[in-house]
file model_37.txt (compact mmCIF, C-alpha atoms (C1' of nucleotides))
# COMPACT_ATOMS: atom_id res chain seq x y z
CA MET I 1 -22.38 -4.12 -7.76
CA ARG I 2 -24.36 -3.04 -10.81
CA ARG I 3 -26.33 -5.40 -13.02
CA LYS I 4 -27.01 -3.43 -16.20
CA LEU I 5 -25.76 -0.06 -17.40
CA THR I 6 -27.68 2.78 -18.97
CA PRO I 7 -25.77 5.56 -20.78
CA ARG I 8 -25.91 7.59 -17.57
CA GLY I 9 -24.43 4.66 -15.67
CA ARG I 10 -21.67 4.16 -18.22
CA GLU I 11 -20.67 7.79 -17.82
CA ARG I 12 -20.53 7.51 -14.02
CA ARG I 13 -18.35 4.44 -14.35
CA ALA I 14 -16.00 6.30 -16.65
CA GLN I 15 -15.91 9.25 -14.26
CA LEU I 16 -14.96 6.97 -11.39
CA MET I 17 -12.18 5.37 -13.40
CA THR I 18 -10.74 8.67 -14.59
CA CYS I 19 -10.94 10.20 -11.15
CA ALA I 20 -9.41 7.16 -9.45
CA ALA I 21 -6.62 7.01 -12.02
CA ARG I 22 -5.70 10.59 -11.28
CA LEU I 23 -5.67 10.04 -7.52
CA PHE I 24 -3.77 6.75 -7.74
CA ALA I 25 -1.13 8.44 -9.85
CA GLU I 26 -0.84 11.40 -7.48
CA ARG I 27 -0.81 9.64 -4.12
CA GLY I 28 -0.44 5.95 -4.84
CA TYR I 29 -2.95 3.13 -4.70
CA HIS I 30 -2.97 2.16 -1.02
CA PRO I 31 -2.89 5.71 0.33
CA THR I 32 -5.91 6.61 -1.82
CA SER I 33 -9.07 5.43 -0.11
CA VAL I 34 -12.41 4.73 -1.72
CA ALA I 35 -13.71 7.60 0.38
CA ASP I 36 -11.17 9.90 -1.32
CA ILE I 37 -12.32 8.83 -4.76
CA VAL I 38 -16.03 9.38 -4.17
CA ALA I 39 -15.35 12.62 -2.30
CA ALA I 40 -13.38 13.96 -5.26
CA LEU I 41 -16.45 13.29 -7.38
CA GLY I 42 -18.84 14.64 -4.77
CA VAL I 43 -20.94 11.49 -4.52
CA GLY I 44 -21.75 8.93 -1.83
CA LYS I 45 -19.71 5.83 -1.16
CA GLY I 46 -22.45 3.55 -2.39
CA VAL I 47 -21.91 4.86 -5.92
CA PHE I 48 -18.49 3.27 -6.01
CA TYR I 49 -19.78 -0.14 -5.01
CA TRP I 50 -22.63 0.11 -7.45
CA TYR I 51 -20.12 0.10 -10.32
CA PHE I 52 -17.24 -1.90 -8.89
CA ALA I 53 -17.12 -4.98 -6.69
CA SER I 54 -14.01 -3.73 -4.91
CA LYS I 55 -11.18 -1.25 -5.03
CA ASP I 56 -8.97 -4.01 -6.43
CA GLU I 57 -11.39 -4.65 -9.27
CA LEU I 58 -11.29 -0.99 -10.23
CA LEU I 59 -7.52 -1.05 -10.56
CA THR I 60 -7.64 -4.26 -12.56
CA GLU I 61 -10.13 -2.67 -14.94
CA LEU I 62 -7.93 0.38 -15.18
CA LEU I 63 -4.93 -1.75 -16.14
CA LYS I 64 -6.85 -3.74 -18.72
CA ALA I 65 -8.47 -0.70 -20.30
CA SER I 66 -5.24 1.28 -20.53
CA ASN I 67 -3.34 -1.60 -22.04
CA HIS I 68 -6.07 -2.17 -24.57
CA ASP I 69 -5.92 1.47 -25.58
CA LEU I 70 -2.13 1.54 -25.84
CA ARG I 71 -2.07 -1.59 -27.96
CA LYS I 72 -4.66 -0.14 -30.32
CA ARG I 73 -2.45 2.88 -30.75
CA GLN I 74 0.60 0.76 -31.48
CA GLN I 75 -1.21 -1.38 -34.02
CA HIS I 76 -2.63 1.66 -35.75
CA ALA I 77 0.87 3.16 -35.96
CA ILE I 78 2.44 0.19 -37.75
CA GLU I 79 -0.53 -0.52 -39.99
CA GLY I 80 0.60 -1.16 -43.52
CA VAL I 81 4.32 -1.00 -42.77
CA ASP I 82 6.26 -4.09 -43.76
CA ASP I 83 9.86 -3.37 -42.82
CA PRO I 84 10.36 -4.97 -39.36
CA VAL I 85 12.93 -2.40 -38.23
CA HIS I 86 10.59 0.40 -39.20
CA ARG I 87 7.72 -1.32 -37.39
CA ILE I 88 9.78 -1.44 -34.21
CA GLU I 89 10.63 2.23 -34.57
CA LEU I 90 7.00 3.22 -35.10
CA GLY I 91 5.94 1.05 -32.16
CA ILE I 92 8.42 2.83 -29.88
CA ARG I 93 7.22 6.25 -31.03
CA ALA I 94 3.57 5.28 -30.60
CA THR I 95 4.24 4.06 -27.06
CA LEU I 96 5.95 7.28 -26.05
CA ALA I 97 3.22 9.36 -27.63
CA TRP I 98 0.53 7.39 -25.80
CA PHE I 99 2.19 7.80 -22.41
CA ALA I 100 2.67 11.50 -23.06
CA GLU I 101 -1.11 11.73 -23.39
CA HIS I 102 -1.86 9.42 -20.47
CA ARG I 103 0.73 10.36 -17.91
CA GLU I 104 -1.36 9.09 -14.99
CA TYR I 105 -0.98 5.53 -16.11
CA PHE I 106 2.77 5.34 -15.84
CA ALA I 107 2.80 5.53 -12.04
CA ILE I 108 -0.20 3.22 -11.78
CA ILE I 109 1.40 0.52 -13.89
CA GLN I 110 4.64 0.84 -12.00
CA PHE I 111 2.83 0.33 -8.71
CA ALA I 112 0.76 -2.58 -9.99
CA ALA I 113 3.98 -4.37 -10.91
CA THR I 114 4.99 -4.41 -7.24
CA ASP I 115 1.76 -5.87 -5.89
CA GLU I 116 1.09 -9.60 -5.96
CA THR I 117 -2.60 -8.97 -6.59
CA PHE I 118 -2.11 -7.10 -9.85
CA ALA I 119 1.14 -8.57 -11.09
CA PRO I 120 -0.70 -11.29 -13.05
CA VAL I 121 -2.75 -8.79 -15.09
CA LEU I 122 0.33 -6.76 -15.75
CA ALA I 123 2.40 -9.81 -16.61
CA ARG I 124 -0.20 -10.77 -19.20
CA ASN I 125 -0.16 -7.27 -20.69
CA ARG I 126 3.60 -7.33 -20.95
CA GLU I 127 3.63 -10.83 -22.37
CA ILE I 128 1.43 -9.71 -25.25
CA SER I 129 3.55 -6.65 -25.90
CA ILE I 130 6.78 -8.64 -25.77
CA ALA I 131 5.31 -11.20 -28.16
CA ASP I 132 4.49 -8.42 -30.62
CA THR I 133 8.04 -7.11 -30.43
CA ILE I 134 9.56 -10.58 -30.77
CA ARG I 135 7.67 -11.13 -34.00
CA HIS I 136 9.22 -8.05 -35.58
CA LEU I 137 12.65 -8.91 -34.22
CA LYS I 138 12.55 -12.41 -35.71
CA ASP I 139 11.56 -10.97 -39.09
CA GLY I 140 14.50 -8.59 -38.84
CA ILE I 141 16.89 -11.37 -37.88
CA VAL I 142 15.79 -13.49 -40.84
CA ASP I 143 16.36 -10.48 -43.11
CA GLY I 144 19.82 -10.03 -41.60
CA ARG I 145 18.89 -6.50 -40.52
CA ILE I 146 18.98 -7.33 -36.81
CA ALA I 147 21.76 -9.05 -34.85
CA ASP I 148 21.13 -12.76 -34.31
CA ARG I 149 20.59 -12.68 -30.56
CA ASP I 150 17.83 -14.09 -28.34
CA PRO I 151 14.74 -12.16 -29.55
CA GLU I 152 13.04 -12.41 -26.17
CA LEU I 153 15.92 -10.74 -24.38
CA LEU I 154 16.21 -8.14 -27.13
CA ALA I 155 12.51 -7.37 -26.75
CA HIS I 156 12.92 -6.86 -23.02
CA ALA I 157 15.93 -4.63 -23.64
CA ILE I 158 13.88 -2.39 -25.93
CA HIS I 159 11.04 -2.30 -23.43
CA GLY I 160 13.52 -1.32 -20.73
CA VAL I 161 14.86 1.60 -22.74
CA VAL I 162 11.38 2.80 -23.58
CA ALA I 163 10.11 2.43 -20.01
CA GLU I 164 12.99 4.22 -18.33
CA LEU I 165 13.15 7.05 -20.85
CA THR I 166 9.40 7.46 -20.67
CA ARG I 167 9.67 7.71 -16.90
CA HIS I 168 12.49 10.20 -17.23
CA ALA I 169 10.55 12.36 -19.67
CA LEU I 170 7.25 12.24 -17.79
CA ILE I 171 8.30 12.41 -14.18
CA GLU I 172 11.52 14.37 -14.20
CA GLY I 173 10.10 16.67 -16.85
CA ASN I 174 11.97 19.29 -18.84
CA VAL I 175 12.85 16.82 -21.58
CA PRO I 176 10.81 17.13 -24.75
CA ILE I 177 9.15 13.85 -25.64
CA ALA I 178 10.19 14.17 -29.27
CA GLU I 179 13.87 14.28 -28.34
CA VAL I 180 13.47 11.32 -26.06
CA ALA I 181 11.73 9.38 -28.80
CA GLU I 182 14.65 10.06 -31.15
CA LEU I 183 17.13 8.74 -28.64
CA CYS I 184 15.00 5.71 -27.83
CA VAL I 185 15.01 4.73 -31.47
CA ALA I 186 18.67 5.57 -32.06
CA PHE I 187 19.82 3.70 -28.96
CA SER I 188 17.67 0.67 -29.69
CA LEU I 189 18.97 0.46 -33.24
CA GLU I 190 22.62 1.33 -32.68
CA GLY I 191 23.38 1.23 -28.95
CA LEU I 192 26.29 3.39 -27.83
CA HIS I 193 28.27 2.67 -31.00
CA ALA I 194 29.86 5.73 -32.57
CA MET C 270 13.54 4.67 19.50
CA ARG C 271 16.96 3.56 20.69
CA ARG C 272 19.68 5.81 22.03
CA LYS C 273 22.86 3.71 21.95
CA LEU C 274 23.58 0.34 20.41
CA THR C 275 25.51 -2.56 21.89
CA PRO C 276 26.72 -5.34 19.56
CA ARG C 277 23.60 -7.31 20.50
CA GLY C 278 21.47 -4.31 19.54
CA ARG C 279 23.22 -3.87 16.24
CA GLU C 280 22.49 -7.48 15.38
CA ARG C 281 18.80 -7.12 16.23
CA ARG C 282 18.61 -4.06 14.02
CA ALA C 283 20.18 -5.96 11.16
CA GLN C 284 17.78 -8.87 11.73
CA LEU C 285 14.81 -6.54 11.54
CA MET C 286 16.06 -5.00 8.31
CA THR C 287 16.76 -8.34 6.66
CA CYS C 288 13.45 -9.78 7.76
CA ALA C 289 11.49 -6.71 6.70
CA ALA C 290 13.24 -6.65 3.32
CA ARG C 291 12.19 -10.24 2.68
CA LEU C 292 8.58 -9.59 3.63
CA PHE C 293 8.35 -6.32 1.70
CA ALA C 294 9.67 -8.09 -1.38
CA GLU C 295 7.25 -11.00 -0.99
CA ARG C 296 4.03 -9.17 -0.17
CA GLY C 297 4.71 -5.50 -0.76
CA TYR C 298 5.27 -2.64 1.65
CA HIS C 299 1.75 -1.60 2.62
CA PRO C 300 0.36 -5.13 2.92
CA THR C 301 3.21 -6.05 5.29
CA SER C 302 2.41 -4.81 8.79
CA VAL C 303 4.86 -4.09 11.56
CA ALA C 304 3.13 -6.93 13.41
CA ASP C 305 4.07 -9.28 10.54
CA ILE C 306 7.71 -8.27 10.74
CA VAL C 307 8.11 -8.79 14.47
CA ALA C 308 6.06 -12.00 14.35
CA ALA C 309 8.38 -13.42 11.69
CA LEU C 310 11.24 -12.77 14.08
CA GLY C 311 9.32 -14.06 17.09
CA VAL C 312 9.68 -10.88 19.12
CA GLY C 313 7.36 -8.27 20.59
CA LYS C 314 6.22 -5.18 18.77
CA GLY C 315 8.18 -2.90 21.07
CA VAL C 316 11.41 -4.27 19.65
CA PHE C 317 10.64 -2.70 16.29
CA TYR C 318 10.05 0.75 17.75
CA TRP C 319 13.17 0.48 19.87
CA TYR C 320 15.27 0.40 16.70
CA PHE C 321 13.18 2.41 14.26
CA ALA C 322 11.07 5.53 14.70
CA SER C 323 8.51 4.31 12.18
CA LYS C 324 7.84 1.80 9.44
CA ASP C 325 8.69 4.51 6.91
CA GLU C 326 12.06 5.11 8.49
CA LEU C 327 12.89 1.44 8.20
CA LEU C 328 12.22 1.43 4.48
CA THR C 329 14.25 4.60 4.01
CA GLU C 330 17.18 2.98 5.83
CA LEU C 331 16.76 -0.10 3.68
CA LEU C 332 16.94 1.97 0.49
CA LYS C 333 19.99 3.91 1.64
CA ALA C 334 21.87 0.84 2.84
CA SER C 335 21.19 -1.19 -0.29
CA ASN C 336 22.21 1.61 -2.59
CA HIS C 337 25.40 2.16 -0.64
CA ASP C 338 26.24 -1.52 -0.96
CA LEU C 339 25.49 -1.65 -4.68
CA ARG C 340 27.59 1.43 -5.38
CA LYS C 341 30.53 -0.05 -3.45
CA ARG C 342 30.27 -3.13 -5.62
CA GLN C 343 30.23 -1.07 -8.81
CA GLN C 344 33.21 1.02 -7.79
CA HIS C 345 35.18 -2.04 -6.81
CA ALA C 346 34.42 -3.62 -10.19
CA ILE C 347 35.80 -0.73 -12.25
CA GLU C 348 38.76 -0.03 -9.99
CA GLY C 349 41.93 0.46 -12.02
CA VAL C 350 40.18 0.26 -15.39
CA ASP C 351 40.71 3.29 -17.62
CA ASP C 352 38.81 2.52 -20.82
CA PRO C 353 35.40 4.21 -20.44
CA VAL C 354 33.56 1.63 -22.55
CA HIS C 355 35.06 -1.15 -20.48
CA ARG C 356 34.10 0.68 -17.28
CA ILE C 357 30.50 0.85 -18.43
CA GLU C 358 30.55 -2.84 -19.26
CA LEU C 359 31.98 -3.77 -15.87
CA GLY C 360 29.47 -1.50 -14.14
CA ILE C 361 26.59 -3.26 -15.88
CA ARG C 362 27.94 -6.67 -14.94
CA ALA C 363 28.50 -5.63 -11.33
CA THR C 364 24.93 -4.32 -11.08
CA LEU C 365 23.44 -7.55 -12.39
CA ALA C 366 25.66 -9.62 -10.10
CA TRP C 367 24.63 -7.54 -7.09
CA PHE C 368 20.91 -7.88 -7.80
CA ALA C 369 21.35 -11.61 -8.35
CA GLU C 370 22.64 -11.79 -4.78
CA HIS C 371 20.07 -9.37 -3.35
CA ARG C 372 16.91 -10.28 -5.17
CA GLU C 373 14.67 -8.89 -2.41
CA TYR C 374 15.72 -5.36 -3.17
CA PHE C 375 14.47 -5.22 -6.71
CA ALA C 376 10.80 -5.30 -5.75
CA ILE C 377 11.39 -2.94 -2.85
CA ILE C 378 13.07 -0.32 -4.98
CA GLN C 379 10.37 -0.63 -7.60
CA PHE C 380 7.68 -0.01 -5.01
CA ALA C 381 9.53 2.90 -3.40
CA ALA C 382 9.61 4.61 -6.78
CA THR C 383 5.81 4.73 -6.79
CA ASP C 384 5.37 6.26 -3.35
CA GLU C 385 5.70 10.00 -2.78
CA THR C 386 7.27 9.41 0.62
CA PHE C 387 10.23 7.45 -0.68
CA ALA C 388 10.63 8.80 -4.17
CA PRO C 389 13.05 11.51 -2.99
CA VAL C 390 15.51 9.01 -1.50
CA LEU C 391 15.28 6.90 -4.60
CA ALA C 392 15.63 9.89 -6.90
CA ARG C 393 18.83 10.81 -5.10
CA ASN C 394 20.20 7.29 -5.44
CA ARG C 395 19.44 7.24 -9.14
CA GLU C 396 20.89 10.69 -9.65
CA ILE C 397 24.23 9.54 -8.26
CA SER C 398 24.23 6.43 -10.38
CA ILE C 399 23.30 8.35 -13.52
CA ALA C 400 26.04 10.88 -12.80
CA ASP C 401 28.57 8.04 -12.58
CA THR C 402 27.44 6.68 -15.93
CA ILE C 403 27.43 10.10 -17.55
CA ARG C 404 31.07 10.57 -16.61
CA HIS C 405 32.11 7.42 -18.44
CA LEU C 406 29.92 8.27 -21.41
CA LYS C 407 31.47 11.72 -21.79
CA ASP C 408 34.94 10.18 -21.69
CA GLY C 409 33.88 7.76 -24.37
CA ILE C 410 32.38 10.50 -26.52
CA VAL C 411 35.59 12.55 -26.29
CA ASP C 412 37.55 9.46 -27.34
CA GLY C 413 35.17 9.00 -30.28
CA ARG C 414 34.29 5.53 -29.00
CA ILE C 415 30.71 6.46 -28.15
CA ALA C 416 28.12 8.18 -30.34
CA ASP C 417 27.85 11.91 -29.71
CA ARG C 418 24.37 11.97 -28.20
CA ASP C 419 22.98 13.49 -24.99
CA PRO C 420 24.92 11.60 -22.29
CA GLU C 421 22.11 11.96 -19.76
CA LEU C 422 19.57 10.31 -22.01
CA LEU C 423 22.09 7.62 -22.95
CA ALA C 424 22.71 6.94 -19.27
CA HIS C 425 18.97 6.52 -18.68
CA ALA C 426 18.74 4.22 -21.67
CA ILE C 427 21.44 1.97 -20.25
CA HIS C 428 19.77 2.00 -16.85
CA GLY C 429 16.52 1.04 -18.49
CA VAL C 430 18.03 -1.95 -20.25
CA VAL C 431 19.72 -3.12 -17.08
CA ALA C 432 16.62 -2.61 -14.95
CA GLU C 433 14.21 -4.42 -17.24
CA LEU C 434 16.54 -7.31 -17.98
CA THR C 435 17.34 -7.65 -14.29
CA ARG C 436 13.62 -7.80 -13.57
CA HIS C 437 13.15 -10.37 -16.30
CA ALA C 438 15.97 -12.55 -15.02
CA LEU C 439 15.04 -12.30 -11.34
CA ILE C 440 11.28 -12.40 -11.41
CA GLU C 441 10.40 -14.41 -14.47
CA GLY C 442 13.28 -16.77 -13.73
CA ASN C 443 14.66 -19.50 -15.98
CA VAL C 444 17.11 -17.11 -17.63
CA PRO C 445 20.72 -17.48 -16.48
CA ILE C 446 22.07 -14.18 -15.19
CA ALA C 447 25.30 -14.62 -17.14
CA GLU C 448 23.43 -14.78 -20.44
CA VAL C 449 21.38 -11.74 -19.53
CA ALA C 450 24.54 -9.84 -18.61
CA GLU C 451 26.03 -10.65 -22.01
CA LEU C 452 22.99 -9.32 -23.81
CA CYS C 453 22.81 -6.21 -21.62
CA VAL C 454 26.35 -5.35 -22.60
CA ALA C 455 25.94 -6.29 -26.26
CA PHE C 456 22.68 -4.34 -26.61
CA SER C 457 24.02 -1.29 -24.82
CA LEU C 458 27.10 -1.20 -27.00
CA GLU C 459 25.58 -2.14 -30.37
CA GLY C 460 21.80 -1.97 -30.10
CA LEU C 461 19.89 -4.15 -32.54
CA HIS C 462 22.43 -3.57 -35.31
CA ALA C 463 23.49 -6.72 -37.15
C1' DT M 178 -50.63 6.75 -13.00
C1' DG M 179 -48.35 3.09 -10.77
C1' DG M 180 -44.71 -0.18 -10.76
C1' DT M 181 -40.14 -1.66 -11.92
C1' DT M 182 -35.38 -0.92 -12.64
C1' DT M 183 -31.43 1.93 -12.20
C1' DG M 184 -28.91 4.82 -9.44
C1' DT M 185 -27.69 7.21 -4.83
C1' DT M 186 -27.20 8.19 0.06
C1' DG M 187 -24.34 8.14 4.27
C1' DA M 188 -24.46 6.03 8.77
C1' DC M 189 -22.57 2.05 10.17
C1' DC M 190 -19.54 -2.28 10.90
C1' DG M 191 -15.67 -5.28 11.96
C1' DA M 192 -11.05 -5.65 11.07
C1' DA M 193 -6.59 -4.11 10.74
C1' DC M 194 -3.16 -0.81 11.14
C1' DG M 195 0.75 2.14 13.06
C1' DG M 196 2.21 3.47 17.15
C1' DT M 197 2.47 3.86 22.68
C1' DC M 198 3.71 2.59 27.18
C1' DA M 199 3.96 0.85 31.95
C1' DA M 200 6.09 -2.87 33.37
C1' DG M 201 9.58 -6.26 33.57
C1' DC M 202 13.90 -8.80 32.04
C1' DC M 203 18.85 -9.53 31.96
C1' DG M 204 23.77 -8.95 31.51
C1' DA M 205 27.58 -6.02 32.86
C1' DC M 206 29.96 -3.70 36.08
C1' DG M 207 30.98 -1.67 40.59
C1' DC L 78 25.08 -8.60 45.69
C1' DG L 79 22.67 -4.47 43.91
C1' DT L 80 21.52 -1.44 40.47
C1' DC L 81 21.49 0.62 36.18
C1' DG L 82 20.54 0.92 31.37
C1' DG L 83 20.02 -1.46 27.13
C1' DC L 84 16.41 -4.36 25.64
C1' DT L 85 11.78 -6.77 25.49
C1' DT L 86 6.91 -7.57 26.29
C1' DG L 87 2.09 -7.39 24.63
C1' DA L 88 -2.14 -5.26 25.91
C1' DC L 89 -3.93 -1.21 24.50
C1' DC L 90 -5.30 3.18 21.87
C1' DG L 91 -7.11 6.13 18.27
C1' DT L 92 -7.80 6.08 13.64
C1' DT L 93 -8.72 4.64 9.21
C1' DC L 94 -10.06 1.54 5.89
C1' DG L 95 -12.83 -1.47 2.66
C1' DG L 96 -17.18 -2.79 2.40
C1' DT L 97 -22.53 -3.21 3.67
C1' DC L 98 -27.19 -1.91 3.70
C1' DA L 99 -31.86 -0.10 4.42
C1' DA L 100 -33.92 3.56 2.72
C1' DC L 101 -34.83 6.59 -0.81
C1' DA L 102 -34.78 9.36 -5.44
C1' DA L 103 -35.11 9.48 -10.40
C1' DA L 104 -35.88 7.61 -14.80
C1' DC L 105 -38.46 4.81 -17.70
C1' DC L 106 -42.12 2.22 -19.42
C1' DA L 107 -46.82 0.15 -19.26
call {"tool": "encode", "arguments": {"input": "model_37.txt", "output": "structure tokens"}}
result
Amino acid sequence: MRRKLTPRGRERRAQLMTCAARLFAERGYHPTSVADIVAALGVGKGVFYWYFASKDELLTELLKASNHDLRKRQQHAIEGVDDPVHRIELGIRATLAWFAEHREYFAIIQFAATDETFAPVLARNREISIADTIRHLKDGIVDGRIADRDPELLAHAIHGVVAELTRHALIEGNVPIAEVAELCVAFSLEGLHA
Amino acid sequence: MRRKLTPRGRERRAQLMTCAARLFAERGYHPTSVADIVAALGVGKGVFYWYFASKDELLTELLKASNHDLRKRQQHAIEGVDDPVHRIELGIRATLAWFAEHREYFAIIQFAATDETFAPVLARNREISIADTIRHLKDGIVDGRIADRDPELLAHAIHGVVAELTRHALIEGNVPIAEVAELCVAFSLEGLHA
DNA sequence: TGGTTTGTTGACCGAACGGTCAAGCCGACG
DNA sequence: CGTCGGCTTGACCGTTCGGTCAACAAACCA
């Protein structure tokens, strides 16, 4: 594993992560070997282990980096908005927009959730995201704009809608993201109610 | 692989499926070897390949069987009920109740969704389930009880809520299923609206 | 220029995996 | 009792995988 990183090294590391993310998304984590990753980049196997201690570490880094990026996007989207309901709406839209631009990560995250080794990282990511949502929900409940139900469960419900509709839009295709975003927001705010 | 099955054989097959389901849920599909499965049952490796052509086939059978069982439960729950909104509610409750009794399958299904090999089976299962939901939604829209939005997207939204809240209740524990079922229904019908 | 650090190579290793098979077991039935 | 077919055994096979390492190249600085 590497000790220090020059600009050249940092680029290689990024290349490995991007390349691995693509392959993991296409074929799955276990079926993608380290040999596959380095072959796709046209370099020797040693390169991989110069930048990462193990295949597992690479995926962990991938999960942390992607979550960090998504969260930045969400925070930027709600910057300066006070209305809690509007914040939730903008958060939903930002999430969908981010996944539309980083399709690879959806499959990777979904896999990581099923593997004991990575579940903790993912659980932490989700915890943070849920906590963010809960904050807005509580504000909305205090204002009387949101139904007085368990904010934690409500937060999970919203996440569920967003996750499944994101999956539907990305993987089954043919559905414009914008339309899906509209429905995500409408359903979260009003449910099935006519 | 076997040709015919005596009652004794049918029981062994069921044992293998149950045992494998437990292990897949605990450790994941790839990390669980065929050797692990037969060892947990205290039998030789040949037994496995007498009943199943491959490890993949076993998982496919597991997915088909579980989906068949869940669907039976849903259909039984809405039997004789005409009101489409009520049918949706009962379907949601039946789904949560089924997963509460078959916790192993949640992780298995989630993994299968991430693997090219099994995605088709899973896609077919989901398609059927979505089609069921769409039917009730359309009835509700005609009656003016449900908002006139794309029924397919609405169906996915409901599935998303149910899936994520099921996961939350089963895996993160400490949340009574009954309470989660209430919120699933309430959120699906009314959203966040106060 | 020479020396140090950073980066790269690919043959190699031990372990583990999915899957096979010749051989043997056992209960049912003639 | 014999024998036949469903069932079981576990050593074994070929392959693949994650990971190592000695050797070497390139970049950088003194």
call {"tool": "residues_around", "arguments": {"input": "model_37.txt", "residues": "segment 147-162 of chain I", "least_positions_apart": "6", "cutoff": "6 Å", "atoms": "all atoms listed in the file", "output": "list in words"}}
result
Ile130, Thr133, Ile134 and Ile141 of chain I; Ala426, Gly429, Val430, Glu433, Leu461, His462 and Ala463 of chain C
call {"tool": "interface_residues", "arguments": {"input": "model_37.txt", "of": "chain C", "to": "chain M", "cutoff": "8 Å", "atoms": "only C-alpha atoms (C1' of nucleotides)", "output": "list in words"}}
result
Ser302, Val303 and Lys324 of chain C
call {"tool": "atom_distance", "arguments": {"input": "model_37.txt", "atom1": "atom CA of Asp56 of chain I", "atom2": "atom CA of Pro31 of chain I"}}
result
13.3 Å
call {"tool": "closest_atom_pairs", "arguments": {"input": "model_37.txt", "of": "chain I", "to": "chain L", "cutoff": "12 Å", "atoms": "only C-alpha atoms (C1' of nucleotides)", "output": "JSON lines"}}
result
{"residue": "I:Met1", "atom": "CA", "partner": "L:DT97", "partner_atom": "C1'", "distance": 11.5}
{"residue": "I:Thr6", "atom": "CA", "partner": "L:DA104", "partner_atom": "C1'", "distance": 10.4}
{"residue": "I:Pro7", "atom": "CA", "partner": "L:DA104", "partner_atom": "C1'", "distance": 11.9}
{"residue": "I:Arg8", "atom": "CA", "partner": "L:DA104", "partner_atom": "C1'", "distance": 10.3}
{"residue": "I:Gly9", "atom": "CA", "partner": "L:DA104", "partner_atom": "C1'", "distance": 11.9}
{"residue": "I:His30", "atom": "CA", "partner": "L:DC94", "partner_atom": "C1'", "distance": 9.9}
{"residue": "I:Pro31", "atom": "CA", "partner": "L:DC94", "partner_atom": "C1'", "distance": 10.0}
{"residue": "I:Thr32", "atom": "CA", "partner": "L:DC94", "partner_atom": "C1'", "distance": 10.1}
{"residue": "I:Ser33", "atom": "CA", "partner": "L:DC94", "partner_atom": "C1'", "distance": 7.2}
{"residue": "I:Val34", "atom": "CA", "partner": "L:DG95", "partner_atom": "C1'", "distance": 7.6}
{"residue": "I:Ala35", "atom": "CA", "partner": "L:DC94", "partner_atom": "C1'", "distance": 9.0}
{"residue": "I:Asp36", "atom": "CA", "partner": "L:DC94", "partner_atom": "C1'", "distance": 11.1}
{"residue": "I:Lys45", "atom": "CA", "partner": "L:DG96", "partner_atom": "C1'", "distance": 9.7}
{"residue": "I:Gly46", "atom": "CA", "partner": "L:DT97", "partner_atom": "C1'", "distance": 9.1}
{"residue": "I:Phe48", "atom": "CA", "partner": "L:DG96", "partner_atom": "C1'", "distance": 10.4}
{"residue": "I:Tyr49", "atom": "CA", "partner": "L:DG96", "partner_atom": "C1'", "distance": 8.3}
{"residue": "I:Trp50", "atom": "CA", "partner": "L:DT97", "partner_atom": "C1'", "distance": 11.6}
{"residue": "I:Phe52", "atom": "CA", "partner": "L:DG96", "partner_atom": "C1'", "distance": 11.3}
{"residue": "I:Ala53", "atom": "CA", "partner": "L:DG96", "partner_atom": "C1'", "distance": 9.4}
{"residue": "I:Ser54", "atom": "CA", "partner": "L:DG95", "partner_atom": "C1'", "distance": 8.0}
{"residue": "I:Lys55", "atom": "CA", "partner": "L:DG95", "partner_atom": "C1'", "distance": 7.9}
{"residue": "I:Asp56", "atom": "CA", "partner": "L:DG95", "partner_atom": "C1'", "distance": 10.2}
call {"tool": "closest_residue", "arguments": {"input": "model_37.txt", "among": "I:Ala113, I:Leu189, I:Ala181, I:Leu96", "to": "chain C", "atoms": "all atoms listed in the file"}}
result
I:Leu189
call {"tool": "residues_near_point", "arguments": {"input": "model_37.txt", "point": "(17.0, -6.7, -46.4)", "cutoff": "12 Å", "atoms": "all atoms listed in the file", "output": "JSON, numbers by chain"}}
result
{"I": [82, 83, 84, 85, 86, 139, 140, 141, 142, 143, 144, 145, 146], "C": [463]}
call {"tool": "atom_distance", "arguments": {"input": "model_37.txt", "atom1": "atom CA of Ala447 of chain C", "atom2": "atom CA of Ala432 of chain C"}}
result
15.0 Å
call {"tool": "atom_distance", "arguments": {"input": "model_37.txt", "atom1": "atom CA of Thr114 of chain I", "atom2": "atom CA of Arg296 of chain C"}}
result
8.6 Å
call {"tool": "axis_aligned_box", "arguments": {"input": "model_37.txt", "around": "segment 85-89 of chain L", "padding_each_side": "4 Å", "output": "AutoDock Vina command-line options"}}
result
--center_x 3.9 --center_y -4.4 --center_z 25.4 --size_x 23.7 --size_y 14.4 --size_z 9.8
call {"tool": "closest_residue", "arguments": {"input": "model_37.txt", "among": "C:Arg281, C:His437, C:Lys333, C:Arg291", "to": "chain I", "atoms": "only C-alpha atoms"}}
result
C:His437
call {"tool": "closest_residue", "arguments": {"input": "model_37.txt", "among": "I:Ser66, I:Asn174, I:Gln110, I:Gln15", "to": "chain C", "atoms": "all atoms listed in the file"}}
result
I:Gln110
call {"tool": "residues_around", "arguments": {"input": "model_37.txt", "residues": "Glu441 of chain C", "least_positions_apart": "4", "cutoff": "12 Å", "atoms": "all atoms listed in the file", "output": "list of chain:residue names"}}
result
I:Ala119, I:Pro120, I:Ala123, I:Arg126, I:Glu127, I:Leu153, I:His156, C:Glu433, C:Leu434, C:Thr435, C:Arg436, C:His437, C:Pro445, C:Ile446
call {"tool": "closest_residue", "arguments": {"input": "model_37.txt", "among": "I:Ile108, I:Leu23, I:Leu170, I:Ala131", "to": "chain C", "atoms": "all atoms listed in the file"}}
result
I:Ile108
